[in-house]
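J.: Pasting a structure here, questions to come.
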Amino acid sequence: MNVKLVNQPLSLISADLTLEFVTPKQFEIHPHRALLTQAGFKAEQEQLCALHEHRILVCGIDAEETDEFYRSAMAAAIKTAMNYAYTALKCSQYAPERFRALIEGVVLGSYKFERYKSEPKASKLTEVIFSHENNDGSVNDLDALEAILSQTLVIAKATNYVRNLVNQTPDDMTPQQMAITADALAKSNNLECTILDVNGLEEEKMNAMLSVGRGSAHPPRLIHLSYKPKNPRKVITLVGKGLTYDSGGLSLKGAASMVTMKMDKAGGCAVMGIIKAISELKLDIEVHAFVGAVENMISGNAYKPDDVLRAKNGKTIEVRNTDAEGRLVLADVLGYAQENVKADYIFDYATLTGACMVALGPYTTGVMGHNEALKQTWIEAGASAGEYCGMLPFNRHLKKLIKSDLADVCNVSSKPYGGAITAALFLDNFIDEDMKEKWVHFDIAGSAYTESAWDVHTYGGTGAGVRITLNWLLNLK
Ligand code: BES
Ligand code: ZN
Ligand code: ZN
């Protein structure tokens with residue numbers, strides 16, 4: 001979808017469809033109130049009504065006028081408009097603060113993944129044109145709106161880039177293919193890219209990650225992308241879980257829970273999308289994105305419950321469940337990342353636990369770490385970016401649940417509750433002492449993928465992690 005901003009009142013813009021957002025209060029004095037009422041329109045949130053004879057699409061906005069409500073209303077409207085035969089849609093502003101939400105609604109809401117359809121359905125609608133004027137006729141500063149447009153387009157498109165990667169099947173997006181994709185991103189965006197294959201991983205003594213990948217016909221890769229501007233203000237490390245498929249390994253998942261496990265690479269895809277956006281916005285922050293790309297499968301050579309693995313940082317891990325594989329991969333990638341980059345902050349993104357969804361529901365990212373103030377800045381970034389986040393607190397008793405009688409730490413908890421937190425506390429074993437207060441872990445198990453549309457998301461990957469992280473970085477002092 002082509003998104004444009006023009007320096008013209010709405011009435012002068014040529015487009016064959018006009019989109020109007022209407023609150024219940026505005027509806028009371030709406031010029032087409034009688035007609036809309038007859039059609040059952042009540043200005044309820046996301047309620048849509050097309051007055052084709054007037055070339056108008058009306059969309060309800062609940063009394064609660066927030067970014068979130070405009071963003072999801074725009075997504076609903078664009079999806080509907082794409083089913084009509086109009087070619088261009090025009091829309092006014094609803095206060096400059098809302099512009100970002102409206103653009104996100106267009107770009108994220110119009111997303112379709114049709115790579116596996118023999119006959120993709122092309123929409124006639126190809127253009128959305130925003131006026132610089134508000135719906136009440138007042139005018140906004142064009143430069144400010146243009147700045148919002150260009151920044152938001154970069155971030156929203158990076159979110160769709162992540163969705164495209166996540167939505168690819170495990171046989172298409174293998175660890176090797178993820179590395180090829182990262183290399184292509186590096187070439188197009190002027191990033192440095194280092195890939196370690198099995199030999200490289202062996203040299204680096206990344207035995208935990210190697211063990212997880214050993215049962216697969218698709219050998220693992222470690223991807224390191226870096227964006228290095230001149231005189232960076234800060235250095236940030238991002239680490240992503242890139243399980244291109246998680247069958248559970250010998251602790252095999254049930255048939256129903258295995259479906260969707262192509263999404264287990266979403267953390268890795270997210271850090272690729274984040275560094276893509278950062279490099280396109282030319283932020284003065286050095287960023288390193290590390291992805292542990294691995295497939296967790298069964299075979300005669302697969303790693304086993306009862307194995308003891310030595311991670312890169314020297315700690316030993318008792319494996320009691322091969323389905324708790326993400327934390328093993330991250331253990332090594334976190335170790336490698338900290339050894340190679342001295343960063344001001346380290347953030348990891350992982351579809352790590354089903355327990356996170358039990359705790360927070362299927363839409364919310366779990367935020368964990370030792371530094372309360374730092375976590376709070378992320379909660380605020382999430383609220384402002386429109387990504388739901390919830391903090392899950394550590395405590396010293398939960399830490400005891402991953403003690404091992406045999407090794408330094410066990411990969412699963414001895415109790416069935418608090419699994420998202422015990423997984424994060426496992427990762428804590430692989431965070432260096434001087435990085436403890438600079439680390440935040442994001443469990444995106446629920447938020448990274450959806451099988452039913454919600455907010456700006458359609459079936460499949462959501463691109464969770466991109467908007468919140470860019471928001472956080474843009475506010476970083
Ligand atoms: N990739 C899964 C977590 C997951 C589950 C992500 C559902 C998205 C949706 C992870 O590797 C896993 O299997 N975790 C286990 C941990 C358990 C064995 C301690 C889980 O959550 O059941
Ligand atoms: Zn698993
Ligand atoms: Zn997994």
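Note on naming: chains are A, B, ... as they come in the structure tokens, residues start from 1 per chain, ligands start from 1 in the order shown.
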Show me which residues sit within 10 Å of ligand 2 when counting only C-alpha atoms and all ligand atoms, and put them as an mmCIF file with N, CA, C and O atoms, in the first residue's frame.
T.:
```
data_model
loop_
_atom_site.group_PDB
_atom_site.id
_atom_site.type_symbol
_atom_site.label_atom_id
_atom_site.label_comp_id
_atom_site.auth_asym_id
_atom_site.auth_seq_id
_atom_site.Cartn_x
_atom_site.Cartn_y
_atom_site.Cartn_z
ATOM 1 N N LEU A 243 14.539 -20.485 16.553
ATOM 2 C CA LEU A 243 14.231 -21.903 16.310
ATOM 3 C C LEU A 243 13.360 -21.996 15.064
ATOM 4 O O LEU A 243 12.162 -21.698 15.115
ATOM 5 N N TYR A 245 12.288 -24.467 13.627
ATOM 6 C CA TYR A 245 11.191 -25.364 13.994
ATOM 7 C C TYR A 245 11.477 -25.973 15.350
ATOM 8 O O TYR A 245 12.623 -26.339 15.642
ATOM 9 N N ASP A 246 10.423 -26.068 16.160
ATOM 10 C CA ASP A 246 10.556 -26.679 17.478
ATOM 11 C C ASP A 246 9.585 -27.846 17.582
ATOM 12 O O ASP A 246 8.406 -27.668 17.895
ATOM 13 N N SER A 247 10.085 -29.054 17.271
ATOM 14 C CA SER A 247 9.236 -30.251 17.405
ATOM 15 C C SER A 247 9.182 -30.698 18.866
ATOM 16 O O SER A 247 8.400 -31.565 19.231
ATOM 17 N N GLY A 248 10.037 -30.100 19.685
ATOM 18 C CA GLY A 248 10.174 -30.527 21.077
ATOM 19 C C GLY A 248 11.380 -31.444 21.250
ATOM 20 O O GLY A 248 11.845 -31.662 22.358
ATOM 21 N N GLY A 249 11.874 -32.014 20.141
ATOM 22 C CA GLY A 249 12.965 -32.986 20.252
ATOM 23 C C GLY A 249 12.429 -34.282 20.846
ATOM 24 O O GLY A 249 11.228 -34.572 20.754
ATOM 25 N N SER A 251 11.692 -35.065 23.783
ATOM 26 C CA SER A 251 10.528 -34.743 24.633
ATOM 27 C C SER A 251 9.481 -34.153 23.691
ATOM 28 O O SER A 251 9.078 -32.982 23.806
ATOM 29 N N LEU A 252 9.066 -34.962 22.749
ATOM 30 C CA LEU A 252 8.277 -34.533 21.589
ATOM 31 C C LEU A 252 6.982 -33.833 21.989
ATOM 32 O O LEU A 252 6.284 -34.270 22.908
ATOM 33 N N LYS A 253 6.674 -32.783 21.280
ATOM 34 C CA LYS A 253 5.411 -32.086 21.533
ATOM 35 C C LYS A 253 4.246 -32.953 21.058
ATOM 36 O O LYS A 253 4.427 -33.790 20.165
ATOM 37 N N MET A 258 2.441 -28.860 18.280
ATOM 38 C CA MET A 258 3.558 -28.715 17.330
ATOM 39 C C MET A 258 3.199 -27.742 16.202
ATOM 40 O O MET A 258 4.065 -27.030 15.687
ATOM 41 N N MET A 261 4.722 -24.136 15.360
ATOM 42 C CA MET A 261 6.078 -24.003 15.913
ATOM 43 C C MET A 261 7.125 -23.493 14.908
ATOM 44 O O MET A 261 8.294 -23.342 15.243
ATOM 45 N N ASP A 264 8.701 -20.283 16.171
ATOM 46 C CA ASP A 264 9.681 -20.264 17.259
ATOM 47 C C ASP A 264 10.960 -19.496 16.879
ATOM 48 O O ASP A 264 11.854 -19.336 17.695
ATOM 49 N N ASN A 296 15.018 -27.831 16.140
ATOM 50 C CA ASN A 296 14.945 -28.832 17.220
ATOM 51 C C ASN A 296 14.153 -30.042 16.722
ATOM 52 O O ASN A 296 12.938 -29.988 16.599
ATOM 53 N N ASN A 321 14.449 -31.895 29.770
ATOM 54 C CA ASN A 321 13.380 -31.815 28.779
ATOM 55 C C ASN A 321 13.961 -31.132 27.535
ATOM 56 O O ASN A 321 14.400 -29.986 27.597
ATOM 57 N N THR A 322 13.942 -31.865 26.415
ATOM 58 C CA THR A 322 14.558 -31.299 25.196
ATOM 59 C C THR A 322 13.661 -30.241 24.553
ATOM 60 O O THR A 322 14.083 -29.577 23.603
ATOM 61 N N ASP A 323 12.431 -30.099 25.080
ATOM 62 C CA ASP A 323 11.537 -29.064 24.541
ATOM 63 C C ASP A 323 11.839 -27.698 25.178
ATOM 64 O O ASP A 323 11.357 -26.670 24.711
ATOM 65 N N ALA A 324 12.623 -27.695 26.244
ATOM 66 C CA ALA A 324 13.074 -26.406 26.802
ATOM 67 C C ALA A 324 14.417 -26.083 26.148
ATOM 68 O O ALA A 324 15.452 -25.972 26.806
ATOM 69 N N GLU A 325 14.368 -25.984 24.795
ATOM 70 C CA GLU A 325 15.577 -25.850 23.986
ATOM 71 C C GLU A 325 15.997 -24.401 23.755
ATOM 72 O O GLU A 325 17.180 -24.126 23.579
ATOM 73 N N GLY A 326 14.991 -23.507 23.765
ATOM 74 C CA GLY A 326 15.291 -22.103 23.441
ATOM 75 C C GLY A 326 16.303 -21.521 24.411
ATOM 76 O O GLY A 326 17.249 -20.823 24.033
ATOM 77 N N ARG A 327 16.135 -21.852 25.677
ATOM 78 C CA ARG A 327 17.030 -21.318 26.714
ATOM 79 C C ARG A 327 18.441 -21.864 26.550
ATOM 80 O O ARG A 327 19.409 -21.196 26.919
ATOM 81 N N THR A 351 10.370 -16.589 21.851
ATOM 82 C CA THR A 351 9.114 -17.311 22.081
ATOM 83 C C THR A 351 9.482 -18.457 23.030
ATOM 84 O O THR A 351 9.594 -19.598 22.629
ATOM 85 N N LEU A 352 9.696 -18.082 24.301
ATOM 86 C CA LEU A 352 10.383 -19.011 25.194
ATOM 87 C C LEU A 352 9.473 -19.995 25.914
ATOM 88 O O LEU A 352 9.836 -21.156 26.061
ATOM 89 N N THR A 353 8.323 -19.527 26.381
ATOM 90 C CA THR A 353 7.498 -20.442 27.193
ATOM 91 C C THR A 353 5.999 -20.317 26.939
ATOM 92 O O THR A 353 5.466 -19.201 26.824
ATOM 93 N N GLY A 354 5.335 -21.449 26.924
ATOM 94 C CA GLY A 354 3.878 -21.462 26.923
ATOM 95 C C GLY A 354 3.365 -20.829 28.218
ATOM 96 O O GLY A 354 2.287 -20.236 28.249
#
```
J.: Do a neighbour search on A:His54 at 10 Å with only C-alpha atoms, toss out local chain neighbours closer than 4 positions, and write the hits as a list in words.
T.: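 Contacts, with the query itself left out: Asp16, Leu17, Thr18, His32 and Ala50 of chain A.
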J.: Fewer than 5 positions away in the same chain doesn't count, so skip those; otherwise give me all residues within 12 Å of A:Gly137, counting only C-alpha atoms, as a PyMOL selection string.
T.: chain A and resi 8-11+92-95+131-132
J.: Store the residues picked out above, limited to C-alpha atoms, as a PDB file, in the first residue's frame.
T.:
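Below is the file result_10.pdb, written as the result:
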```
ATOM      1  CA  GLN A   8      -4.296  19.992   0.482  1.00  0.00           C
ATOM      2  CA  PRO A   9      -7.679  20.049   2.158  1.00  0.00           C
ATOM      3  CA  LEU A  10      -9.468  16.693   1.962  1.00  0.00           C
ATOM      4  CA  SER A  11     -12.087  17.995  -0.477  1.00  0.00           C
ATOM      5  CA  SER A  92      -7.981  13.686   7.036  1.00  0.00           C
ATOM      6  CA  GLN A  93      -5.913  14.029  10.213  1.00  0.00           C
ATOM      7  CA  TYR A  94      -7.342  13.491  13.684  1.00  0.00           C
ATOM      8  CA  ALA A  95      -4.821  15.591  15.643  1.00  0.00           C
ATOM      9  CA  SER A 131      -4.533  15.443   4.015  1.00  0.00           C
ATOM     10  CA  HIS A 132      -2.482  17.696   6.305  1.00  0.00           C
TER      11      HIS A 132
END
```
J.: For A:Gln168, find every residue with an atom within 9 Å (counting only C-alpha atoms), except residues of its own chain fewer than 2 positions away, and show them as a PyMOL selection string.
T.: chain A and resi 115-116+163-166+170-173+262-263
J.: Could those selected residues go to a file with all heavy atoms, as a short mmCIF file (atom, residue, chain, number, x, y, z; two decimals), in the first residue's frame?
T.:
```cif
data_model
loop_
_atom_site.label_atom_id
_atom_site.label_comp_id
_atom_site.auth_asym_id
_atom_site.auth_seq_id
_atom_site.Cartn_x
_atom_site.Cartn_y
_atom_site.Cartn_z
N ARG A 115 2.32 -15.88 -0.16
CA ARG A 115 3.38 -16.63 -0.84
C ARG A 115 2.97 -18.06 -1.20
O ARG A 115 3.43 -18.61 -2.18
CB ARG A 115 4.59 -16.65 0.10
CG ARG A 115 5.83 -17.26 -0.48
CD ARG A 115 6.92 -17.27 0.60
NE ARG A 115 7.96 -18.20 0.23
CZ ARG A 115 9.23 -17.91 0.12
NH1 ARG A 115 9.63 -16.68 0.36
NH2 ARG A 115 10.11 -18.82 -0.19
N TYR A 116 2.13 -18.65 -0.36
CA TYR A 116 1.76 -20.05 -0.59
C TYR A 116 0.40 -20.20 -1.27
O TYR A 116 -0.16 -21.30 -1.31
CB TYR A 116 1.81 -20.82 0.73
CG TYR A 116 3.19 -20.78 1.36
CD1 TYR A 116 3.40 -20.19 2.60
CD2 TYR A 116 4.30 -21.33 0.70
CE1 TYR A 116 4.66 -20.14 3.18
CE2 TYR A 116 5.56 -21.27 1.26
CZ TYR A 116 5.74 -20.68 2.50
OH TYR A 116 7.00 -20.63 3.05
N ARG A 163 7.17 -10.20 9.90
CA ARG A 163 6.02 -11.09 9.66
C ARG A 163 6.32 -12.02 8.48
O ARG A 163 6.03 -13.22 8.54
CB ARG A 163 4.78 -10.26 9.36
CG ARG A 163 4.23 -9.48 10.56
CD ARG A 163 3.18 -8.49 10.07
NE ARG A 163 2.36 -7.96 11.15
CZ ARG A 163 1.29 -7.18 10.94
NH1 ARG A 163 0.94 -6.84 9.71
NH2 ARG A 163 0.57 -6.74 11.96
N ASN A 164 6.88 -11.45 7.40
CA ASN A 164 7.19 -12.27 6.22
C ASN A 164 8.16 -13.40 6.55
O ASN A 164 8.05 -14.50 6.02
CB ASN A 164 7.81 -11.40 5.12
CG ASN A 164 6.77 -10.69 4.30
OD1 ASN A 164 5.62 -11.12 4.25
ND2 ASN A 164 7.16 -9.60 3.65
N LEU A 165 9.12 -13.11 7.40
CA LEU A 165 10.10 -14.16 7.76
C LEU A 165 9.43 -15.22 8.63
O LEU A 165 9.58 -16.42 8.39
CB LEU A 165 11.29 -13.56 8.51
CG LEU A 165 12.13 -12.50 7.79
CD1 LEU A 165 13.34 -12.12 8.64
CD2 LEU A 165 12.58 -12.98 6.43
N VAL A 166 8.69 -14.77 9.63
CA VAL A 166 8.05 -15.70 10.57
C VAL A 166 7.07 -16.62 9.83
O VAL A 166 6.98 -17.81 10.13
CB VAL A 166 7.33 -14.93 11.70
CG1 VAL A 166 6.49 -15.86 12.58
CG2 VAL A 166 8.33 -14.16 12.55
N PRO A 170 8.89 -24.00 7.89
CA PRO A 170 10.18 -24.47 8.41
C PRO A 170 11.09 -25.02 7.32
O PRO A 170 12.32 -24.94 7.43
CB PRO A 170 9.82 -25.54 9.42
CG PRO A 170 8.35 -25.70 9.40
CD PRO A 170 7.75 -24.61 8.60
N ASP A 171 10.49 -25.57 6.26
CA ASP A 171 11.34 -26.11 5.18
C ASP A 171 11.86 -25.01 4.28
O ASP A 171 12.86 -25.18 3.59
CB ASP A 171 10.58 -27.15 4.36
CG ASP A 171 10.78 -28.55 4.94
OD1 ASP A 171 11.35 -28.65 6.06
OD2 ASP A 171 10.38 -29.53 4.29
N ASP A 172 11.18 -23.87 4.26
CA ASP A 172 11.69 -22.73 3.47
C ASP A 172 12.68 -21.91 4.29
O ASP A 172 13.72 -21.50 3.80
CB ASP A 172 10.53 -21.82 3.03
CG ASP A 172 9.81 -22.40 1.83
OD1 ASP A 172 10.35 -23.33 1.21
OD2 ASP A 172 8.70 -21.92 1.52
N MET A 173 12.32 -21.65 5.54
CA MET A 173 13.18 -20.80 6.38
C MET A 173 13.97 -21.68 7.35
O MET A 173 13.69 -21.75 8.54
CB MET A 173 12.30 -19.76 7.12
CG MET A 173 13.07 -18.62 7.75
SD MET A 173 14.30 -17.81 6.72
CE MET A 173 13.25 -16.84 5.63
N LYS A 262 6.68 -23.17 13.68
CA LYS A 262 7.55 -22.41 12.77
C LYS A 262 7.78 -21.01 13.34
O LYS A 262 8.72 -20.32 12.97
CB LYS A 262 6.93 -22.33 11.37
CG LYS A 262 5.65 -21.52 11.34
CD LYS A 262 5.17 -21.23 9.93
CE LYS A 262 3.94 -20.32 9.98
NZ LYS A 262 3.33 -20.10 8.68
N MET A 263 6.84 -20.58 14.23
CA MET A 263 6.97 -19.24 14.81
C MET A 263 8.06 -19.13 15.87
O MET A 263 8.31 -18.05 16.38
CB MET A 263 5.65 -18.82 15.43
CG MET A 263 5.25 -19.75 16.53
SD MET A 263 5.13 -19.02 18.11
CE MET A 263 3.49 -19.54 18.53
#
```
J.: Report as a PyMOL selection string all protein, DNA and RNA residues lying within 10 Å of A:Ala407, evaluated on only C-alpha atoms, omitting residues in the same chain fewer than 5 positions from it.
T.: chain A and resi 308-310+315-319
J.: Can you tell me, as a PyMOL selection string, what residues are no more than 10 Å from stretch 141-153 of chain A when counting only C-alpha atoms, ignoring any on the same chain fewer than 2 positions away?
T.: chain A and resi 3-7+93+96-97+99-104+106-108+130-133+139+155-159+277+280-281+467
J.: Which residues are near A:Asn340? Cut-off 12 Å, only C-alpha atoms, ignore same chain within fewer than 4 positions. Put them as a PyMOL selection string.
T.: chain A and resi 194+204+224+226+237+288-290+333-336
J.: The selected residues should be written to file as a PDB file, in the first residue's frame (atoms: N, CA, C and O atoms).
T.:
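part_22.pdb written:
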```pdb
ATOM      1  N   THR A 194      28.337 -11.503  10.151  1.00  0.00           N
ATOM      2  CA  THR A 194      29.200 -12.670  10.362  1.00  0.00           C
ATOM      3  C   THR A 194      28.296 -13.864  10.623  1.00  0.00           C
ATOM      4  O   THR A 194      27.346 -13.765  11.410  1.00  0.00           O
ATOM      5  N   GLU A 204      33.941 -22.130  18.831  1.00  0.00           N
ATOM      6  CA  GLU A 204      33.517 -21.213  19.906  1.00  0.00           C
ATOM      7  C   GLU A 204      33.001 -21.960  21.137  1.00  0.00           C
ATOM      8  O   GLU A 204      32.514 -21.341  22.077  1.00  0.00           O
ATOM      9  N   HIS A 224      25.378 -12.832  13.220  1.00  0.00           N
ATOM     10  CA  HIS A 224      25.713 -11.580  13.906  1.00  0.00           C
ATOM     11  C   HIS A 224      25.671 -10.443  12.892  1.00  0.00           C
ATOM     12  O   HIS A 224      26.513 -10.350  12.010  1.00  0.00           O
ATOM     13  N   SER A 226      25.725  -6.270  12.427  1.00  0.00           N
ATOM     14  CA  SER A 226      25.990  -5.054  13.199  1.00  0.00           C
ATOM     15  C   SER A 226      25.853  -3.793  12.378  1.00  0.00           C
ATOM     16  O   SER A 226      26.168  -3.746  11.190  1.00  0.00           O
ATOM     17  N   THR A 237      23.091  -4.470  22.412  1.00  0.00           N
ATOM     18  CA  THR A 237      23.099  -5.843  21.883  1.00  0.00           C
ATOM     19  C   THR A 237      21.690  -6.418  21.935  1.00  0.00           C
ATOM     20  O   THR A 237      21.007  -6.318  22.965  1.00  0.00           O
ATOM     21  N   HIS A 288      24.008  -4.367  17.680  1.00  0.00           N
ATOM     22  CA  HIS A 288      24.433  -5.704  17.273  1.00  0.00           C
ATOM     23  C   HIS A 288      23.251  -6.646  17.446  1.00  0.00           C
ATOM     24  O   HIS A 288      22.669  -6.704  18.525  1.00  0.00           O
ATOM     25  N   ALA A 289      22.907  -7.368  16.383  1.00  0.00           N
ATOM     26  CA  ALA A 289      21.808  -8.337  16.459  1.00  0.00           C
ATOM     27  C   ALA A 289      22.379  -9.737  16.285  1.00  0.00           C
ATOM     28  O   ALA A 289      23.043 -10.025  15.289  1.00  0.00           O
ATOM     29  N   PHE A 290      22.133 -10.579  17.284  1.00  0.00           N
ATOM     30  CA  PHE A 290      22.606 -11.973  17.239  1.00  0.00           C
ATOM     31  C   PHE A 290      21.404 -12.901  17.164  1.00  0.00           C
ATOM     32  O   PHE A 290      20.450 -12.739  17.929  1.00  0.00           O
ATOM     33  N   VAL A 333      24.238 -18.128  22.862  1.00  0.00           N
ATOM     34  CA  VAL A 333      24.262 -16.895  22.054  1.00  0.00           C
ATOM     35  C   VAL A 333      24.479 -15.684  22.960  1.00  0.00           C
ATOM     36  O   VAL A 333      25.227 -14.759  22.610  1.00  0.00           O
ATOM     37  N   LEU A 334      23.866 -15.703  24.148  1.00  0.00           N
ATOM     38  CA  LEU A 334      24.117 -14.607  25.102  1.00  0.00           C
ATOM     39  C   LEU A 334      25.601 -14.584  25.477  1.00  0.00           C
ATOM     40  O   LEU A 334      26.223 -13.517  25.547  1.00  0.00           O
ATOM     41  N   GLY A 335      26.169 -15.768  25.699  1.00  0.00           N
ATOM     42  CA  GLY A 335      27.596 -15.857  26.043  1.00  0.00           C
ATOM     43  C   GLY A 335      28.478 -15.303  24.928  1.00  0.00           C
ATOM     44  O   GLY A 335      29.379 -14.493  25.165  1.00  0.00           O
ATOM     45  N   TYR A 336      28.169 -15.714  23.710  1.00  0.00           N
ATOM     46  CA  TYR A 336      28.945 -15.261  22.543  1.00  0.00           C
ATOM     47  C   TYR A 336      28.809 -13.741  22.374  1.00  0.00           C
ATOM     48  O   TYR A 336      29.794 -13.032  22.141  1.00  0.00           O
TER      49      TYR A 336
END
```
J.: Run DSSP on the backbone and give me the residues of stretch 189-363 of chain A it puts in strand (DSSP E), as number ranges by chain.
T.: A: 192-196, 221-227, 234-246, 285-296, 308-310, 316-318, 345-350
J.: Mind dumping the selected residues with C-alpha atoms as a short mmCIF file (atom, residue, chain, number, x, y, z; two decimals), in the first residue's frame?
T.:
```cif
data_model
loop_
_atom_site.label_atom_id
_atom_site.label_comp_id
_atom_site.auth_asym_id
_atom_site.auth_seq_id
_atom_site.Cartn_x
_atom_site.Cartn_y
_atom_site.Cartn_z
CA GLU A 192 28.30 -6.04 8.80
CA CYS A 193 27.36 -9.71 8.87
CA THR A 194 29.20 -12.67 10.36
CA ILE A 195 27.81 -16.18 10.16
CA LEU A 196 29.11 -19.14 12.14
CA ARG A 221 23.88 -21.06 12.20
CA LEU A 222 24.82 -18.17 14.43
CA ILE A 223 24.07 -14.83 12.80
CA HIS A 224 25.71 -11.58 13.91
CA LEU A 225 24.54 -8.40 12.18
CA SER A 226 25.99 -5.05 13.20
CA TYR A 227 25.15 -1.45 12.51
CA LYS A 234 25.33 3.95 22.98
CA VAL A 235 26.00 0.36 22.10
CA ILE A 236 23.08 -2.07 22.23
CA THR A 237 23.10 -5.84 21.88
CA LEU A 238 19.98 -7.68 20.75
CA VAL A 239 19.71 -11.46 20.94
CA GLY A 240 16.94 -13.49 19.29
CA LYS A 241 15.78 -17.08 19.62
CA GLY A 242 15.69 -18.41 16.07
CA LEU A 243 14.23 -21.90 16.31
CA THR A 244 13.20 -22.42 12.69
CA TYR A 245 11.19 -25.36 13.99
CA ASP A 246 10.56 -26.68 17.48
CA ILE A 285 23.34 4.07 18.26
CA GLU A 286 25.57 1.09 17.54
CA VAL A 287 23.45 -2.05 17.39
CA HIS A 288 24.43 -5.70 17.27
CA ALA A 289 21.81 -8.34 16.46
CA PHE A 290 22.61 -11.97 17.24
CA VAL A 291 20.38 -14.83 16.14
CA GLY A 292 20.71 -18.45 17.21
CA ALA A 293 19.16 -20.19 14.19
CA VAL A 294 18.54 -23.86 15.01
CA GLU A 295 16.03 -26.61 14.29
CA ASN A 296 14.94 -28.83 17.22
CA VAL A 308 24.66 -32.68 30.51
CA LEU A 309 25.82 -29.84 28.26
CA ARG A 310 28.65 -27.36 28.81
CA THR A 316 27.04 -27.11 32.89
CA ILE A 317 23.36 -27.74 32.19
CA GLU A 318 21.36 -30.82 33.06
CA TYR A 345 22.37 -2.81 27.26
CA ILE A 346 21.54 -6.36 26.27
CA PHE A 347 17.99 -7.34 25.31
CA ASP A 348 16.78 -10.76 24.28
CA TYR A 349 13.58 -11.72 22.44
CA ALA A 350 12.27 -15.25 22.53
#
```
J.: Quick one: pull the distance between atom CA of A:Val128 and atom CA of A:Asn2, Å, one decimal.
T.: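 Atom CA of A:Val128 sits 6.1 Å away from atom CA of A:Asn2.
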J.: What is the distance between atom CA of A:Ala81 and atom CA of A:His52, in Å to one decimal?
T.: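 Atom CA of A:His52 lies at a distance of 11.2 Å from atom CA of A:Ala81.
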J.: How would you write, as a PyMOL selection string, the set of residues in stretch 152-245 of chain A that DSSP gives as helix (DSSP H, G or I)?
T.: chain A and resi 152-167+175-189+198-203+207-213
J.: Could you please determine the separation between atom CA of A:Ala424 and atom CA of A:Ser404 in Å, to one decimal place?
T.: 16.2 Å
J.: With only C-alpha atoms and all ligand atoms as the basis for distance, which of A:Ile379, A:Val259, A:Ala385, A:Asn371 is at the shortest distance from ligand 1?
T.: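 Going through A:Ile379, A:Val259, A:Ala385, A:Asn371 one by one, the smallest distance to ligand 1 is for A:Val259.
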